[in-house]
Amino acid sequence: MRILNFGSLNIDYVYAVDAFLRPGETKAAKSLMVNCGGKGLNQSIAAAKAGNAVWHAGLLGGAAEMLRDKLAENGVDVRLIKPVPEQAGHAIIQVDESGQNCILLYGGTNRMLTKEWIDAAFDAFQAEGEGGLVLLQNETNLVPYIIEQAAARGLSTALNAAPMDDGVREYPLDKLTWLIVNEVEGGALAGTEEEDAILPALRKKYPHCGVLLTLGAHGARCMEPGERVTRCGSYRVRAVDTTAAGDTFTGYFLYGMLHGLSIPDTLRLATTASALCVGRPGAADSVPEKAEVDAAIAGERFGALFIGQEEMQ
Ligand SMILES: Nc1ncnc2c1ncn2[C@@H]1O[C@H](COP(=O)(O)OP(=O)(O)O)[C@@H](O)[C@H]1O
Ligand SMILES: [Mg+2]
């Protein structure tokens with residue numbers, strides 16, 4: 001089944017500094033790296049590397065062709081990416097000597113989607129085949145409109161509610177097939193910081209939607225709409241760079257769900273892919289290919305993984 005990702009496209013400007021800028025200060029950066037980024041772009045690439053057929057839909061700002069090239073190189077269909085003259089979405093990232101970062105995000109063209117363009121993208125996607133899953137993150141405007149349209153058109157949907165903000169509570173989340181959150185986003189939506197209380201609270205609020213909750217080094221949990229919860233641990237790996245760990249998990253989770261894998265097999269696949277991702281630096285480039293993930297599972301490269309299922313009361 002195909003994936004249509006209405007996703008953000010960002011240029012990440014990563015500046016090395018000895019210490020973060022203070023108010024009123026001007027200083028030279030030690031170096032600059034220009035990377036492809038945006039949760040949307042990362043998730044399209046992760047989903048494509050996992051083996052999904054992915055269409056990325058988005059508005060590409062001025063002088064940002066590298067983002068479209070990166071998606072195309074990774075096998076993503078880029079025909080629904082529309083170049084526009086306005087400022088592209090970007091992030092200004094300072095990284096200090098201890099490796100901490102602080103990030104200033106500008107949404108740019110990611111927040112200039114129009115209903116007319118969204119409708120046209122849906123039409124083009126649906127003209128080329130039946131069914132599909134619509135993937136969303138919270139880095140574009142009109143997310144609620146896209147959720148409503150996908151439901152009205154009979155497409156399934158997955159929203160990664162990141163970055164979290166107050167607006168997400170007003171989205172029609174009960175129309176989703178899958179809500180994907182980490183412990184921060186899930187906790188904010190559920191109104192609790194207790195790991196074990198997040199899924200029961202979300203089930204009460206959104207009884208029709210499945211929830212994938214990732215918990216960093218604590219693993220992940222998947223609640224099917226209804227009652228069953230599958231818990232999965234994580235592998236003990238040396239974390240070099242956890243950027244895109246969640247995006248990798250999402251891409252591989254969707255592969256399992258769209259290709260008829262069981263939930264335990266899907267979680268094993270996604271956990272193994274994420275373990276490979278956190279072991280190397282970078283964002284989209286650190287997402288492993290499916291063959292590497294399959295080999296790691298077959299060779300029991302990371303040892304044993306706890307997976308258990310329980311019915312919710
Ligand atoms: N330090 C870690 N060690 C092992 N696995 C990790 C680590 N951090 C993340 N992962 C894996 O990546 C998945 C997603 O990470 P998480 O931090 O929950 O996502 P996000 O990037 O959205 O915050 C986890 O469920 C886990 O399988
Ligand atoms: Mg995390």
# chains A, B, ... in the order shown; residues from 1 in each chain; ligands from 1
call {"tool": "residues_around", "arguments": {"residues": "Tyr235 (chain A)", "least_positions_apart": "2", "cutoff": "8 Å", "atoms": "only C-alpha atoms", "output": "ChimeraX atom specification"}}
result
/A:217,233,237,271-272,275,302-305
call {"tool": "residues_near_ligand", "arguments": {"ligand": "ligand 1", "cutoff": "7 Å", "atoms": "only C-alpha atoms and all ligand atoms", "output": "VMD selection string"}}
result
chain A and resid 181 to 183 214 to 220 234 to 239 242 to 247 249 270 to 271 274 to 275 278
call {"tool": "residues_around", "arguments": {"residues": "Pro163 (chain A)", "least_positions_apart": "3", "cutoff": "9 Å", "atoms": "only C-alpha atoms", "output": "list in words"}}
result
Gln137, Asn138, Glu139, Asn160 and Glu185 of chain A
call {"tool": "select_by_dssp", "arguments": {"residues": "region 83-313 of chain A", "states": "strand (DSSP E)", "output": "MDAnalysis selection string"}}
result
chainID A and resid 83 89:95 101:106 133:137 156:160 178:182 210:214 220:223 228:232 307:311
call {"tool": "residues_around", "arguments": {"residues": "region 16-31 of chain A", "least_positions_apart": "6", "cutoff": "8 Å", "atoms": "only C-alpha atoms", "output": "PyMOL selection string"}}
result
chain A and resi 94-97+102
call {"tool": "write_last_selection", "arguments": {"atoms": "N, CA and C atoms", "output": "mmCIF file, in the first residue's frame"}}
result
data_model
loop_
_atom_site.group_PDB
_atom_site.id
_atom_site.type_symbol
_atom_site.label_atom_id
_atom_site.label_comp_id
_atom_site.auth_asym_id
_atom_site.auth_seq_id
_atom_site.Cartn_x
_atom_site.Cartn_y
_atom_site.Cartn_z
ATOM 1 N N GLN A 94 22.537 25.842 16.779
ATOM 2 C CA GLN A 94 23.858 26.046 17.384
ATOM 3 C C GLN A 94 24.220 24.776 18.144
ATOM 4 N N VAL A 95 25.430 24.287 17.922
ATOM 5 C CA VAL A 95 25.914 23.144 18.703
ATOM 6 C C VAL A 95 27.146 23.617 19.472
ATOM 7 N N ASP A 96 27.094 23.494 20.804
ATOM 8 C CA ASP A 96 28.224 23.990 21.593
ATOM 9 C C ASP A 96 29.264 22.896 21.803
ATOM 10 N N GLU A 97 30.322 23.230 22.553
ATOM 11 C CA GLU A 97 31.444 22.287 22.672
ATOM 12 C C GLU A 97 31.073 21.012 23.418
ATOM 13 N N CYS A 102 20.829 24.163 20.478
ATOM 14 C CA CYS A 102 19.578 24.920 20.592
ATOM 15 C C CYS A 102 19.153 25.292 19.177
#
call {"tool": "closest_residue", "arguments": {"among": "A:Ile198, A:Met164, A:Met33, A:Leu71", "to": "Ile45 (chain A)", "atoms": "only C-alpha atoms"}}
result
A:Leu71
call {"tool": "closest_residue", "arguments": {"among": "A:Ala295, A:Ala47, A:Val14, A:Val84", "to": "Gly62 (chain A)", "atoms": "only C-alpha atoms"}}
result
A:Val84
call {"tool": "residues_around", "arguments": {"residues": "region 171-174 of chain A", "least_positions_apart": "2", "cutoff": "12 Å", "atoms": "only C-alpha atoms", "output": "PyMOL selection string"}}
result
chain A and resi 136+138+141-151+157-161+164-169+176-180+189+202-211+225
call {"tool": "atom_distance", "arguments": {"atom1": "CA of Glu195 (chain A)", "atom2": "CA of Leu213 (chain A)"}}
result
9.5 Å
call {"tool": "residues_around", "arguments": {"residues": "Ile297 (chain A)", "least_positions_apart": "4", "cutoff": "9 Å", "atoms": "only C-alpha atoms", "output": "PyMOL selection string"}}
result
chain A and resi 268-269+272+292-293+301-302
call {"tool": "write_last_selection", "arguments": {"atoms": "C-alpha atoms", "output": "PDB file, in the first residue's frame"}}
result
ATOM      1  CA  ARG A 268      10.974  -6.056  16.364  1.00  0.00           C
ATOM      2  CA  LEU A 269      11.657  -4.692  12.886  1.00  0.00           C
ATOM      3  CA  THR A 272      16.143  -3.083  15.232  1.00  0.00           C
ATOM      4  CA  GLU A 292      20.600  -4.380   6.843  1.00  0.00           C
ATOM      5  CA  VAL A 293      17.750  -4.548   9.366  1.00  0.00           C
ATOM      6  CA  ARG A 301      23.135  -8.839  16.192  1.00  0.00           C
ATOM      7  CA  PHE A 302      21.829  -6.945  19.229  1.00  0.00           C
TER       8      PHE A 302
END
call {"tool": "residues_around", "arguments": {"residues": "Cys222 (chain A)", "least_positions_apart": "6", "cutoff": "6 Å", "atoms": "only C-alpha atoms", "output": "JSON, numbers by chain"}}
result
{"A": [211, 212, 229, 230]}
call {"tool": "write_last_selection", "arguments": {"atoms": "N, CA and C atoms", "output": "CSV table (one decimal), in the first residue's frame"}}
result
chain,number,residue,atom,x,y,z
A,211,VAL,N,-2.6,3.6,18.8
A,211,VAL,CA,-1.5,4.5,19.3
A,211,VAL,C,-0.2,3.7,19.3
A,212,LEU,N,0.8,4.3,18.7
A,212,LEU,CA,2.2,3.9,18.9
A,212,LEU,C,2.9,4.9,19.8
A,229,VAL,N,-2.6,-4.4,24.0
A,229,VAL,CA,-1.3,-3.6,24.0
A,229,VAL,C,-0.1,-4.5,23.9
A,230,THR,N,0.7,-4.2,23.0
A,230,THR,CA,2.0,-4.9,22.8
A,230,THR,C,3.1,-4.1,23.3
call {"tool": "closest_residue", "arguments": {"among": "A:Thr140, A:Thr248, A:Ser262, A:Ser286", "to": "ligand 2", "atoms": "only C-alpha atoms and all ligand atoms"}}
result
A:Thr248
call {"tool": "closest_residue", "arguments": {"among": "A:Arg79, A:Lys115, A:Arg2, A:Arg280", "to": "Ala53 (chain A)", "atoms": "only C-alpha atoms"}}
result
A:Arg2
call {"tool": "closest_residue", "arguments": {"among": "A:Arg231, A:Arg111, A:Lys82, A:Lys49", "to": "Glu65 (chain A)", "atoms": "only C-alpha atoms"}}
result
A:Lys82
call {"tool": "atom_distance", "arguments": {"atom1": "CA of Met1 (chain A)", "atom2": "CA of Gly89 (chain A)"}}
result
29.1 Å
call {"tool": "atom_distance", "arguments": {"atom1": "CA of Tyr255 (chain A)", "atom2": "CA of Leu133 (chain A)"}}
result
10.9 Å
call {"tool": "select_by_dssp", "arguments": {"residues": "region 207-297 of chain A", "states": "alpha helix (DSSP H)", "output": "ChimeraX atom specification"}}
result
/A:245-258,263-278,290-297
